[in-house]
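A.B. asks: final_29.cif is reproduced below (mmCIF, C-alpha atoms).
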data_final
#
loop_
_atom_site.label_atom_id
_atom_site.label_comp_id
_atom_site.auth_asym_id
_atom_site.auth_seq_id
_atom_site.Cartn_x
_atom_site.Cartn_y
_atom_site.Cartn_z
CA MET A 1 34.38 11.89 -6.81
CA ALA A 2 32.96 10.37 -3.67
CA ILE A 3 31.73 12.69 -0.94
CA GLY A 4 31.99 12.47 2.82
CA ARG A 5 29.14 11.70 5.16
CA SER A 6 27.20 14.63 6.59
CA ASP A 7 25.03 14.36 9.70
CA SER A 8 22.00 14.02 7.41
CA MET A 9 23.71 11.24 5.48
CA GLN A 10 24.57 9.39 8.67
CA GLU A 11 20.94 9.73 9.80
CA LEU A 12 19.84 8.24 6.49
CA ILE A 13 22.30 5.35 6.83
CA THR A 14 21.02 4.58 10.32
CA ILE A 15 17.43 4.51 9.10
CA LEU A 16 18.24 2.35 6.08
CA GLU A 17 20.16 -0.16 8.18
CA SER A 18 17.10 -0.52 10.41
CA LEU A 19 14.85 -1.12 7.37
CA PHE A 20 16.90 -3.64 5.41
CA GLU A 21 18.85 -6.77 6.25
CA GLU A 22 21.83 -5.81 4.09
CA THR A 23 24.12 -3.46 6.02
CA ILE A 24 26.22 -0.60 4.79
CA ILE A 25 29.91 -1.42 5.07
CA GLY A 26 31.28 1.99 4.21
CA SER A 27 31.63 1.99 0.44
CA ASP A 28 29.64 4.39 -1.71
CA VAL A 29 28.09 1.64 -3.85
CA ASN A 30 26.28 0.22 -0.82
CA ILE A 31 25.03 3.65 0.21
CA VAL A 32 23.71 4.15 -3.33
CA LYS A 33 22.04 0.73 -3.30
CA HIS A 34 20.30 1.59 -0.06
CA LEU A 35 19.01 4.83 -1.56
CA PHE A 36 17.35 2.75 -4.28
CA TYR A 37 16.05 0.32 -1.63
CA TYR A 38 14.50 3.30 0.12
CA LEU A 39 12.78 4.44 -3.09
CA LYS A 40 11.46 0.92 -3.71
CA ALA A 41 10.18 0.40 -0.14
CA ASP A 42 8.44 3.79 -0.20
CA ASN A 43 7.01 3.15 -3.70
CA ARG A 44 8.43 6.51 -4.76
CA GLU A 45 8.37 7.91 -8.28
CA PHE A 46 11.33 10.03 -9.39
CA GLU A 47 12.74 11.81 -12.43
CA PHE A 48 14.61 9.94 -15.18
CA ILE A 49 16.27 12.32 -17.66
CA TYR A 50 17.06 10.66 -21.01
CA GLU A 51 18.19 12.72 -24.00
CA GLU A 52 16.89 15.80 -22.10
CA ASP A 53 13.39 14.29 -21.89
CA ILE A 54 12.16 14.01 -18.29
CA VAL A 55 10.03 10.93 -17.59
CA VAL A 56 8.79 9.34 -14.37
CA ALA A 57 10.44 6.16 -13.07
CA ALA A 58 9.97 3.77 -10.15
CA VAL A 59 12.26 1.04 -8.81
CA GLU A 60 11.10 -2.43 -9.82
CA GLU A 61 14.00 -4.67 -8.71
CA ILE A 62 17.46 -4.30 -7.19
CA GLU A 63 20.19 -6.83 -8.04
CA SER A 64 23.87 -7.03 -7.06
CA HIS A 65 25.08 -4.67 -9.80
CA THR A 66 21.90 -3.50 -11.54
CA VAL A 67 18.62 -1.72 -10.82
CA THR A 68 15.49 -2.40 -12.86
CA LEU A 69 13.27 0.66 -13.27
CA MET A 70 9.63 0.72 -14.35
CA ILE A 71 9.37 3.33 -17.13
CA PRO A 72 6.43 2.63 -19.47
CA ASP A 73 7.14 2.96 -23.19
CA LEU A 74 10.58 4.56 -22.97
CA VAL A 75 11.88 4.84 -26.54
CA GLU A 76 15.58 4.11 -27.07
CA GLN A 77 17.34 6.98 -28.86
CA GLY A 78 20.84 5.62 -29.26
CA SER A 79 22.39 7.02 -26.10
CA ARG A 80 23.20 4.65 -23.26
CA ARG A 81 23.47 7.28 -20.53
CA ALA A 82 20.80 9.04 -18.49
CA ARG A 83 20.39 10.90 -15.20
CA VAL A 84 18.14 10.17 -12.23
CA ARG A 85 17.02 12.75 -9.66
CA PHE A 86 15.23 12.22 -6.35
CA GLU A 87 15.04 13.45 -2.78
CA VAL A 88 15.57 11.31 0.34
CA MET A 89 15.64 12.63 3.90
CA ASN A 90 15.75 16.29 2.78
CA ILE A 91 18.73 15.68 0.52
CA ASN A 92 18.45 16.11 -3.26
CA TYR A 93 20.47 13.51 -5.20
CA GLN A 94 21.44 13.31 -8.87
CA PHE A 95 23.26 10.42 -10.58
CA GLU A 96 24.44 9.78 -14.10
CA VAL A 97 23.67 6.14 -14.91
CA VAL A 98 24.58 3.66 -17.63
CA ILE A 99 21.60 2.02 -19.38
CA LEU A 100 22.13 -1.70 -19.95
CA ASP A 101 18.79 -2.60 -21.55
CA ILE A 102 15.51 -0.90 -22.54
CA GLN A 103 12.44 -3.12 -22.73
CA LYS A 104 8.77 -2.18 -23.17
CA ASP A 105 8.07 -1.14 -19.58
CA LYS A 106 11.38 -1.86 -17.88
CA THR A 107 14.77 -0.20 -18.11
CA ILE A 108 17.83 -1.84 -16.56
CA ILE A 109 20.60 0.46 -15.34
CA LYS A 110 23.99 -0.24 -13.82
CA THR A 111 24.06 0.65 -10.13
CA PRO A 112 26.12 3.85 -9.68
CA THR A 113 29.35 3.11 -7.83
CA GLU A 114 29.62 6.39 -5.94
CA LEU A 115 27.63 9.34 -4.68
CA GLN A 116 27.94 11.95 -7.41
CA SER A 117 25.85 15.00 -6.52
CA TYR A 118 23.75 16.02 -3.57
CA GLN A 119 22.41 19.23 -2.06
CA LEU A 120 21.26 19.79 1.49
CA ARG A 121 18.07 21.72 2.20
CA THR A 122 19.01 25.37 2.75
CA ASN A 123 16.04 26.49 4.84
CA LYS A 124 15.74 25.17 8.35
CA ARG A 125 12.61 23.22 9.35
CA ILE A 126 11.08 24.75 12.48
CA PRO A 127 9.21 22.33 14.81
CA VAL A 128 5.71 23.58 15.73
CA ASP A 129 3.07 22.22 18.09
CA ASP A 130 0.26 24.73 17.58
CA LEU A 131 -0.11 24.87 13.79
CA PHE A 132 -2.79 23.00 11.85
CA MET A 133 -3.94 22.97 8.26
CA ASN A 134 -6.74 21.96 5.90
CA PHE A 135 -5.93 20.49 2.50
CA ILE A 136 -7.50 19.16 -0.69
CA ILE A 137 -6.03 16.96 -3.41
CA LEU A 138 -5.38 18.49 -6.83
CA PHE A 139 -5.94 16.62 -10.08
CA ARG A 140 -2.87 15.36 -11.91
CA SER A 141 -4.25 12.19 -13.46
CA LEU A 142 -6.92 9.61 -12.69
CA THR A 143 -4.42 7.06 -11.41
CA GLY A 144 -2.21 9.63 -9.72
CA GLY A 145 1.38 10.48 -10.58
CA SER A 146 2.04 10.94 -14.28
CA ARG A 147 2.58 7.48 -15.76
CA GLU A 148 -0.80 7.40 -17.49
CA VAL A 149 -1.01 11.05 -18.49
CA GLY A 150 -1.77 10.31 -22.16
CA LYS A 151 -4.66 8.01 -21.33
CA ASN A 152 -6.00 10.44 -18.76
CA LEU A 153 -5.92 13.40 -21.14
CA TYR A 154 -7.95 11.27 -23.53
CA ALA A 155 -10.41 10.46 -20.74
CA GLU A 156 -10.63 14.14 -19.77
CA SER A 157 -11.50 15.11 -23.34
CA ARG A 158 -14.54 12.82 -23.18
CA PHE A 159 -15.92 14.47 -20.03
CA PRO A 160 -14.98 18.18 -20.33
CA HIS A 161 -17.84 19.61 -18.23
CA LEU A 162 -17.50 16.98 -15.54
CA MET A 163 -13.72 17.50 -15.34
CA LYS A 164 -14.21 21.26 -15.04
CA GLU A 165 -16.26 20.66 -11.86
CA VAL A 166 -13.86 17.97 -10.59
CA ARG A 167 -10.94 20.42 -10.72
CA LYS A 168 -12.68 22.95 -8.48
CA ASP A 169 -11.56 23.27 -4.85
CA ARG A 170 -15.09 22.47 -3.71
CA PRO A 171 -16.87 20.26 -6.27
CA ASP A 172 -20.67 20.39 -6.08
CA SER A 173 -21.78 16.82 -5.28
CA LYS A 174 -25.34 17.44 -6.52
CA LEU A 175 -24.09 18.80 -9.84
CA ILE A 176 -21.63 15.90 -10.11
CA ASN A 177 -24.55 13.48 -9.67
CA VAL A 178 -26.52 15.20 -12.47
CA MET A 179 -23.52 15.08 -14.80
CA LEU A 180 -22.92 11.43 -13.95
CA THR A 181 -26.44 10.35 -14.84
CA GLU A 182 -26.42 12.41 -18.04
CA ALA A 183 -23.14 10.78 -19.11
CA ILE A 184 -24.47 7.26 -18.39
CA GLU A 185 -27.71 7.93 -20.29
CA ARG A 186 -25.69 8.68 -23.41
CA ILE A 187 -24.96 4.95 -23.44
CA SER A 188 -28.20 3.48 -22.07
CA LYS A 189 -31.33 4.49 -20.18
CA ASP A 190 -31.08 1.23 -18.24
CA TYR A 191 -28.55 1.63 -15.44
CA GLU A 192 -28.05 1.32 -11.70
CA ILE A 193 -25.74 3.23 -9.33
CA HIS A 194 -25.46 0.98 -6.30
CA PHE A 195 -23.64 1.44 -2.98
CA PHE A 196 -23.11 -1.68 -0.87
CA GLN A 197 -25.00 -2.04 2.40
CA PRO A 198 -23.87 -4.35 5.25
CA ASP A 199 -27.08 -6.40 5.49
CA GLU A 200 -28.47 -6.15 1.96
CA LYS A 201 -30.29 -9.27 0.73
CA LEU A 202 -29.29 -10.39 -2.75
CA ASN A 203 -30.09 -13.34 -4.97
CA GLU A 204 -27.43 -15.94 -5.71
CA TYR A 205 -26.11 -14.25 -8.83
CA ASP A 206 -26.12 -10.66 -7.56
CA ASP A 207 -24.32 -11.85 -4.44
CA PHE A 208 -21.71 -13.57 -6.63
CA ILE A 209 -21.23 -10.36 -8.66
CA LYS A 210 -20.89 -8.28 -5.48
CA LYS A 211 -18.23 -10.61 -4.07
CA THR A 212 -16.37 -10.62 -7.39
CA ILE A 213 -16.33 -6.81 -7.61
CA LEU A 214 -15.22 -6.47 -3.97
CA ARG A 215 -12.47 -9.07 -4.36
CA THR A 216 -11.03 -8.02 -7.71
CA GLY A 217 -11.99 -4.35 -8.11
CA LYS A 218 -12.21 -5.03 -11.85
CA THR A 219 -14.73 -3.96 -14.49
CA ILE A 220 -16.97 -6.78 -15.77
CA TYR A 221 -18.15 -6.58 -19.37
CA ILE A 222 -20.47 -9.17 -20.92
CA SER A 223 -20.87 -8.38 -24.61
CA ASP A 224 -23.53 -11.01 -25.42
CA CYS A 225 -25.78 -12.54 -22.75
CA ASN A 226 -26.93 -15.19 -25.24
CA ARG A 227 -23.47 -16.77 -25.45
CA ILE A 228 -21.80 -18.60 -22.56
CA THR A 229 -18.42 -17.83 -24.13
CA SER A 230 -18.95 -14.13 -23.32
CA TYR A 231 -18.98 -15.12 -19.64
CA ILE A 232 -16.12 -17.60 -19.37
CA ASN A 233 -13.69 -17.20 -22.31
CA ASP A 234 -10.50 -15.21 -21.73
CA PRO A 235 -11.31 -11.61 -22.81
CA GLY A 236 -7.65 -10.72 -23.33
CA ASP A 237 -8.21 -7.10 -22.24
CA ASP A 238 -6.33 -4.88 -19.77
CA VAL A 239 -9.41 -2.91 -18.68
CA LEU A 240 -12.52 -5.02 -19.31
CA PHE A 241 -12.90 -8.46 -17.76
CA ASN A 242 -15.58 -11.17 -17.50
CA TYR A 243 -15.86 -14.27 -15.28
CA PHE A 244 -12.95 -16.14 -16.89
CA ASN A 245 -10.86 -16.31 -13.69
CA GLU A 246 -13.90 -17.05 -11.50
CA HIS A 247 -14.89 -19.91 -13.80
CA LYS A 248 -11.34 -21.30 -13.71
CA GLU A 249 -11.19 -21.16 -9.90
CA MET A 250 -14.65 -22.70 -9.54
CA ALA A 251 -13.74 -25.52 -11.93
CA LYS A 252 -10.55 -26.20 -9.97
CA GLU A 253 -12.46 -26.41 -6.67
CA PHE A 254 -15.76 -28.05 -7.66
CA GLY A 255 -15.13 -29.49 -11.13
CA GLU A 256 -15.67 -28.27 -14.68
CA GLU A 257 -19.28 -29.50 -14.89
CA PHE A 258 -20.36 -27.64 -11.74
CA ALA A 259 -18.66 -24.42 -12.90
CA LEU A 260 -20.19 -24.59 -16.38
CA ASP A 261 -23.66 -25.26 -14.93
CA PHE A 262 -23.37 -22.25 -12.60
CA PHE A 263 -22.48 -19.77 -15.33
CA GLU A 264 -25.01 -21.25 -17.77
CA SER A 265 -27.66 -20.84 -15.05
CA MET A 266 -26.47 -17.25 -14.49
CA ARG A 267 -26.65 -16.54 -18.21
CA LYS A 268 -30.21 -17.88 -18.42
CA HIS A 269 -31.22 -15.83 -15.38
CA GLU A 270 -29.96 -12.64 -17.02
CA SER A 271 -31.49 -13.54 -20.37
CA ARG A 272 -34.89 -14.00 -18.67
CA ASN A 273 -34.47 -10.41 -17.46
CA PHE A 274 -34.04 -9.45 -21.14
CA TYR A 275 -30.35 -8.52 -20.80
CA VAL A 276 -28.48 -8.35 -24.10
CA SER A 277 -25.17 -6.99 -22.75
CA TYR A 278 -23.91 -5.17 -19.67
CA VAL A 279 -20.95 -3.55 -17.97
CA ILE A 280 -20.39 -3.33 -14.20
CA THR A 281 -17.57 -1.09 -12.97
CA PRO A 282 -16.59 -0.44 -9.33
CA ILE A 283 -16.93 2.86 -7.47
CA ARG A 284 -14.12 3.44 -4.97
CA LEU A 285 -13.69 5.61 -1.92
CA TYR A 286 -9.93 5.93 -1.47
CA GLU A 287 -8.88 2.45 -2.68
CA ASP A 288 -11.89 0.62 -1.19
CA VAL A 289 -14.68 -0.60 -3.47
CA VAL A 290 -17.93 0.79 -2.02
CA GLY A 291 -20.35 0.20 -4.88
CA PHE A 292 -20.68 -0.03 -8.65
CA ILE A 293 -22.20 1.45 -11.78
CA LYS A 294 -24.12 -1.10 -13.83
CA VAL A 295 -25.24 -0.25 -17.34
CA HIS A 296 -27.11 -2.75 -19.51
CA SER A 297 -28.95 -3.04 -22.79
CA THR A 298 -32.16 -5.01 -23.19
CA ALA A 299 -33.93 -6.88 -25.94
CA MET A 300 -36.54 -4.11 -26.11
CA GLU A 301 -33.94 -1.47 -26.93
CA ARG A 302 -32.33 -3.70 -29.56
CA PHE A 303 -28.72 -2.58 -29.21
CA THR A 304 -25.52 -3.99 -27.71
CA ILE A 305 -23.10 -2.11 -25.50
CA SER A 306 -19.87 -1.97 -27.47
CA ASN A 307 -16.34 -2.37 -26.17
CA ASN A 308 -15.69 1.38 -26.53
CA GLN A 309 -18.90 2.21 -24.66
CA ALA A 310 -17.89 -0.14 -21.84
CA VAL A 311 -14.51 1.62 -21.59
CA TYR A 312 -16.40 4.94 -21.50
CA ILE A 313 -18.34 3.74 -18.42
CA PHE A 314 -15.10 2.50 -16.83
CA GLU A 315 -13.44 5.91 -17.32
CA LEU A 316 -16.52 7.64 -15.95
CA ALA A 317 -16.39 5.51 -12.79
CA GLU A 318 -12.69 6.35 -12.34
CA ILE A 319 -13.48 10.08 -12.42
CA ILE A 320 -16.42 9.65 -10.03
CA SER A 321 -14.28 7.61 -7.62
CA TYR A 322 -11.66 10.35 -7.68
CA VAL A 323 -14.12 13.19 -7.00
CA PHE A 324 -15.95 11.24 -4.25
CA THR A 325 -12.59 10.70 -2.53
CA LYS A 326 -11.63 14.35 -3.04
CA ILE A 327 -14.86 15.45 -1.35
CA ALA A 328 -14.35 12.92 1.47
CA ILE A 329 -10.79 14.16 2.09
CA GLN A 330 -11.97 17.75 2.06
CA HIS A 331 -14.75 17.15 4.59
CA GLY A 332 -12.55 14.92 6.74
CA SER A 333 -9.73 17.46 6.79
CA TYR A 334 -12.03 20.37 7.61
CA GLU A 335 -14.19 18.63 10.21
CA THR A 336 -11.43 16.88 12.17
CA MET A 337 -8.62 19.33 11.53
CA GLN A 338 -7.22 19.20 15.06
CA SER A 339 -6.49 15.46 14.95
CA THR A 340 -5.78 14.72 11.29
CA THR A 341 -3.69 17.56 9.84
CA LYS A 342 -1.31 18.76 12.51
CA VAL A 343 1.81 20.44 11.12
CA VAL A 344 4.93 18.87 12.67
CA ASP A 345 7.53 21.23 11.22
CA ILE A 346 7.64 23.92 8.54
CA SER A 347 10.15 25.94 6.52
CA LEU A 348 10.23 28.28 3.53
CA ASP A 349 10.66 25.21 1.27
CA GLY A 350 8.11 22.78 2.68
CA LEU A 351 6.51 21.21 5.70
CA LEU A 352 5.87 17.91 7.44
CA PHE A 353 2.31 17.09 8.55
CA GLU A 354 0.74 14.26 10.51
CA ILE A 355 -2.34 12.12 9.83
CA TYR A 356 -3.83 8.99 11.38
CA ASP A 357 -5.91 7.51 8.53
CA LYS A 358 -4.09 4.64 6.79
CA ARG A 359 -6.42 4.74 3.78
CA LEU A 360 -5.64 8.42 3.26
CA PHE A 361 -1.90 7.77 3.71
CA GLN A 362 -1.92 5.11 0.96
CA TYR A 363 -4.10 7.21 -1.35
CA LEU A 364 -1.83 10.25 -1.08
CA LYS A 365 1.10 8.15 -2.31
CA ARG A 366 -0.48 8.30 -5.75
CA HIS A 367 -2.51 11.52 -5.56
CA ASN A 368 0.29 13.53 -4.01
CA ILE A 369 -0.36 17.05 -5.32
CA ILE A 370 -2.24 19.03 -2.67
CA LYS A 371 -3.50 22.53 -1.92
CA MET A 372 -3.00 23.57 1.70
CA PHE A 373 -4.81 26.18 3.78
CA ILE A 374 -2.62 27.12 6.75
CA PRO A 375 -3.90 29.69 9.28
CA LEU A 376 -0.70 31.39 10.44
CA ASN A 377 -2.76 33.66 12.71
CA LYS A 378 -6.31 34.95 13.10
CA GLU A 379 -5.84 37.47 10.30
CA ARG A 380 -3.89 35.40 7.79
CA THR A 381 -4.50 32.00 6.16
CA MET A 382 -1.73 31.00 3.78
CA ILE A 383 -2.86 29.16 0.62
CA ILE A 384 -0.06 27.15 -0.96
CA ARG A 385 0.31 24.22 -3.36
CA GLY A 386 2.81 21.45 -2.90
CA GLU A 387 3.91 17.92 -3.78
CA ILE A 388 4.16 15.21 -1.13
CA ILE A 389 7.60 13.65 -1.53
CA ARG A 390 8.12 11.84 1.81
CA PHE A 391 5.89 9.15 3.32
CA LEU A 392 6.85 7.94 6.79
CA ASP A 393 4.91 5.20 8.60
CA LYS A 394 5.24 5.86 12.34
CA GLY A 395 3.17 2.87 13.46
CA ASP A 396 0.06 4.47 14.93
CA HIS A 397 0.32 7.63 12.78
CA TYR A 398 1.90 8.86 9.55
CA HIS A 399 4.15 11.76 8.56
CA LEU A 400 4.09 13.28 5.08
CA GLY A 401 6.69 15.73 3.78
CA VAL A 402 5.63 18.39 1.29
CA ASN A 403 7.67 20.60 -1.04
CA TYR A 404 5.96 23.85 -2.08
CA PHE A 405 5.73 24.72 -5.75
CA SER A 406 3.37 27.72 -5.91
CA SER A 407 1.91 30.40 -3.65
CA ALA A 408 1.03 34.07 -3.59
CA PRO A 409 4.13 36.24 -2.97
CA ASP A 410 2.53 37.87 0.06
CA ASP A 411 1.92 34.47 1.64
CA MET A 412 5.61 33.62 1.60
CA LEU A 413 6.40 36.96 3.23
CA HIS A 414 3.93 36.20 6.01
CA LEU A 415 5.39 32.69 6.38
CA GLU A 416 8.88 34.17 6.59
CA SER A 417 7.75 36.50 9.39
CA TYR A 418 6.07 33.60 11.19
CA LEU A 419 9.19 31.43 10.96
CA PHE A 420 11.44 34.33 11.94
CA GLU A 421 9.60 34.64 15.24
CA LYS A 422 9.36 30.88 15.83
CA SER A 423 13.03 30.21 15.13
CA MET A 424 14.38 32.87 17.44
CA LYS A 425 15.30 34.87 14.31
CA ILE A 426 17.31 32.04 12.66
CA LEU A 427 15.97 30.90 9.27
CA SER A 428 18.83 29.04 7.60
CA GLU A 429 21.42 26.44 8.51
#
Turn the structure described in the file into structure tokens.
C.D. replies:
Amino acid sequence: MAIGRSDSMQELITILESLFEETIIGSDVNIVKHLFYYLKADNREFEFIYEEDIVVAAVEEIESHTVTLMIPDLVEQGSRRARVRFEVMNINYQFEVVILDIQKDKTIIKTPTELQSYQLRTNKRIPVDDLFMNFIILFRSLTGGSREVGKNLYAESRFPHLMKEVRKDRPDSKLINVMLTEAIERISKDYEIHFFQPDEKLNEYDDFIKKTILRTGKTIYISDCNRITSYINDPGDDVLFNYFNEHKEMAKEFGEEFALDFFESMRKHESRNFYVSYVITPIRLYEDVVGFIKVHSTAMERFTISNNQAVYIFELAEIISYVFTKIAIQHGSYETMQSTTKVVDISLDGLLFEIYDKRLFQYLKRHNIIKMFIPLNKERTMIIRGEIIRFLDKGDHYHLGVNYFSSAPDDMLHLESYLFEKSMKILSE
């Protein structure tokens, strides 16, 4: 049965009509379509319940009568019905959907024709102008969200001591550095951890590598420095790359002979430095490439870095990039608390906070599980964990909505007292 429009629903409709060219004409199917448009524009992940298994989905494409969802490796179990659950504008929605097709990574569903179930937030959000917080990100997976959980659990098992430190509220950067070098030295004693400098002087080939890493953000693996094919043939790998695309682009612009001469000259240069094989993987701060880890084997050591060892270095760099960003967020939040983490409104269910850093805003879309430290008064700092479920771009600043999922019981009692006073003794609506 279709439902009527509440004030919150009308607010949502107004916002969606301002975001998208297609307008809502009053029928439920168009309202539903715009909900999916909202999820797609905000790059939101949501729950997809199939045969009582809960997986994570994201909107890939919206057609006239269908919605294509990205759900990696969903296994068809005979049933052609599922449920989707998500929250938009403080309203929790649930739909039963008909599955039209299940492919490897994509699932096509029929667009629901009416609003089926929704629940308004029960606790009133109280606007505040004198409340600030510190926060840190909590580990869920290396890529954020939960789509790659299996791969990340495998990566965690390879670095148990490092991951134990990464999960701490305040990772020790010096200890992290020691663990990093020890992990690299299990592969090779010949390595370099390099952070880019604005005016650094590099030779022709190192400059080319730097530009390639900055432009692509990909891991370069050369398995045999004695063979030009290791440099320019298609590696056919999802994680490890070489200079195949760079060679193709160079050949297109300057000709095949010029491109082949350049990479042959590069190969000879590296062979003269006794390189047998190497892997170069980027280090990121937020999503920005700021340096790389380079590990190589030499003719003196008489071994070749294998494909599995190259993946090991790649996974190590992913963990290091995550912990560097975690430390940067922690220091940034604590040192500039007054301007970066102002609480806009708060309730017993969640809060809305404000930041100004676009890099942080984009990063939190994937690493959206946070631990918040909220000083309610001089005597009490509430410590609470939550999931960021709303991302609002306000132009010159950003709003992020958080739902709580764990806290100490006493903290919620103190929050209730705080809200009771702030709301003129009205807590629900």
A.B. asks: Translate the PyMOL selection byres ((chain A and resi 377-379) around 10), as applied to the file shown, into an explicit residue set as a PyMOL selection string.
C.D. replies: chain A and resi 131+374-376+380-382+414+418
A.B. asks: Keeping C-alpha atoms, export the residues of the selection given above as a compact mmCIF listing (two decimals), keeping the file's coordinate frame.
C.D. replies:
# COMPACT_ATOMS: atom_id res chain seq x y z
CA LEU A 131 -0.11 24.87 13.79
CA ILE A 374 -2.62 27.12 6.75
CA PRO A 375 -3.90 29.69 9.28
CA LEU A 376 -0.70 31.39 10.44
CA ARG A 380 -3.89 35.40 7.79
CA THR A 381 -4.50 32.00 6.16
CA MET A 382 -1.73 31.00 3.78
CA HIS A 414 3.93 36.20 6.01
CA TYR A 418 6.07 33.60 11.19
A.B. asks: Given the file shown, determine the residues that the PyMOL selection byres ((chain A and resi 242) around 6) selects; report them as a short mmCIF file (atom, residue, chain, number, x, y, z; two decimals) with C-alpha atoms, keeping the file's coordinate frame.
C.D. replies:
data_model
loop_
_atom_site.label_atom_id
_atom_site.label_comp_id
_atom_site.auth_asym_id
_atom_site.auth_seq_id
_atom_site.Cartn_x
_atom_site.Cartn_y
_atom_site.Cartn_z
CA ILE A 220 -16.97 -6.78 -15.77
CA TYR A 221 -18.15 -6.58 -19.37
CA TYR A 231 -18.98 -15.12 -19.64
CA PHE A 241 -12.90 -8.46 -17.76
CA TYR A 243 -15.86 -14.27 -15.28
CA PHE A 244 -12.95 -16.14 -16.89
#
A.B. asks: Using the chain letters and numbers from the file, give me the residues hit by the PyMOL selection byres ((chain A and resi 322-324) around 12), as an mmCIF file with C-alpha atoms, in the coordinates of the input.
C.D. replies:
data_model
loop_
_atom_site.group_PDB
_atom_site.id
_atom_site.type_symbol
_atom_site.label_atom_id
_atom_site.label_comp_id
_atom_site.auth_asym_id
_atom_site.auth_seq_id
_atom_site.Cartn_x
_atom_site.Cartn_y
_atom_site.Cartn_z
ATOM 1 C CA ILE A 136 -7.500 19.160 -0.690
ATOM 2 C CA ILE A 137 -6.030 16.960 -3.410
ATOM 3 C CA LEU A 138 -5.380 18.490 -6.830
ATOM 4 C CA PHE A 139 -5.940 16.620 -10.080
ATOM 5 C CA ARG A 140 -2.870 15.360 -11.910
ATOM 6 C CA SER A 141 -4.250 12.190 -13.460
ATOM 7 C CA LEU A 142 -6.920 9.610 -12.690
ATOM 8 C CA THR A 143 -4.420 7.060 -11.410
ATOM 9 C CA GLY A 144 -2.210 9.630 -9.720
ATOM 10 C CA LEU A 162 -17.500 16.980 -15.540
ATOM 11 C CA MET A 163 -13.720 17.500 -15.340
ATOM 12 C CA LYS A 164 -14.210 21.260 -15.040
ATOM 13 C CA GLU A 165 -16.260 20.660 -11.860
ATOM 14 C CA VAL A 166 -13.860 17.970 -10.590
ATOM 15 C CA ARG A 167 -10.940 20.420 -10.720
ATOM 16 C CA LYS A 168 -12.680 22.950 -8.480
ATOM 17 C CA ASP A 169 -11.560 23.270 -4.850
ATOM 18 C CA ARG A 170 -15.090 22.470 -3.710
ATOM 19 C CA PRO A 171 -16.870 20.260 -6.270
ATOM 20 C CA ASP A 172 -20.670 20.390 -6.080
ATOM 21 C CA SER A 173 -21.780 16.820 -5.280
ATOM 22 C CA LYS A 174 -25.340 17.440 -6.520
ATOM 23 C CA LEU A 175 -24.090 18.800 -9.840
ATOM 24 C CA ILE A 176 -21.630 15.900 -10.110
ATOM 25 C CA ASN A 177 -24.550 13.480 -9.670
ATOM 26 C CA LEU A 180 -22.920 11.430 -13.950
ATOM 27 C CA PRO A 282 -16.590 -0.440 -9.330
ATOM 28 C CA ILE A 283 -16.930 2.860 -7.470
ATOM 29 C CA ARG A 284 -14.120 3.440 -4.970
ATOM 30 C CA LEU A 285 -13.690 5.610 -1.920
ATOM 31 C CA TYR A 286 -9.930 5.930 -1.470
ATOM 32 C CA GLU A 287 -8.880 2.450 -2.680
ATOM 33 C CA ASP A 288 -11.890 0.620 -1.190
ATOM 34 C CA VAL A 289 -14.680 -0.600 -3.470
ATOM 35 C CA VAL A 290 -17.930 0.790 -2.020
ATOM 36 C CA GLY A 291 -20.350 0.200 -4.880
ATOM 37 C CA GLU A 315 -13.440 5.910 -17.320
ATOM 38 C CA LEU A 316 -16.520 7.640 -15.950
ATOM 39 C CA ALA A 317 -16.390 5.510 -12.790
ATOM 40 C CA GLU A 318 -12.690 6.350 -12.340
ATOM 41 C CA ILE A 319 -13.480 10.080 -12.420
ATOM 42 C CA ILE A 320 -16.420 9.650 -10.030
ATOM 43 C CA SER A 321 -14.280 7.610 -7.620
ATOM 44 C CA THR A 325 -12.590 10.700 -2.530
ATOM 45 C CA LYS A 326 -11.630 14.350 -3.040
ATOM 46 C CA ILE A 327 -14.860 15.450 -1.350
ATOM 47 C CA ALA A 328 -14.350 12.920 1.470
ATOM 48 C CA ILE A 329 -10.790 14.160 2.090
ATOM 49 C CA GLN A 330 -11.970 17.750 2.060
ATOM 50 C CA HIS A 331 -14.750 17.150 4.590
ATOM 51 C CA TYR A 363 -4.100 7.210 -1.350
ATOM 52 C CA LEU A 364 -1.830 10.250 -1.080
ATOM 53 C CA ARG A 366 -0.480 8.300 -5.750
ATOM 54 C CA HIS A 367 -2.510 11.520 -5.560
#
A.B. asks: Identify, on the basis of only C-alpha atoms, every residue whose closest approach to Asp349 of chain A does not exceed 8 Å; exclude the query and any residue fewer than 3 positions from it along the same chain; express the result as a VMD selection string.
C.D. replies: chain A and resid 123 346 403 to 404
A.B. asks: Need to verify the contact set: Arg85 of chain A, 9 Å, only C-alpha atoms, exclusion of same-chain residues closer than 4 positions in sequence. Can you return it as a list in words?
C.D. replies: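 What passes the distance filter is Phe46, Glu47, Phe48, Ile49, Asn92, Tyr93, Gln94 and Phe95 of chain A.
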A.B. asks: Would you mind reading off the distance between atom CA of Asp207 of chain A and atom CA of Met300 of chain A, one decimal, in Å?
C.D. replies: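 It comes out at 26.1 Å.
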A.B. asks: What is the atom CA of Asn368 of chain A-atom CA of Phe132 of chain A distance in Å, reported with one decimal?
C.D. replies: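 That distance, rounded to one decimal, is 18.7 Å.
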A.B. asks: Mind working out the centre and edge lengths of an axis-aligned box for segment 232-241 of chain A, all listed atoms inside, 6 Å added to each side, rounded to one decimal in Å and written as AutoDock Vina command-line options?
C.D. replies:
--center_x -11.2 --center_y -10.3 --center_z -20.5 --size_x 21.8 --size_y 26.7 --size_z 17.6
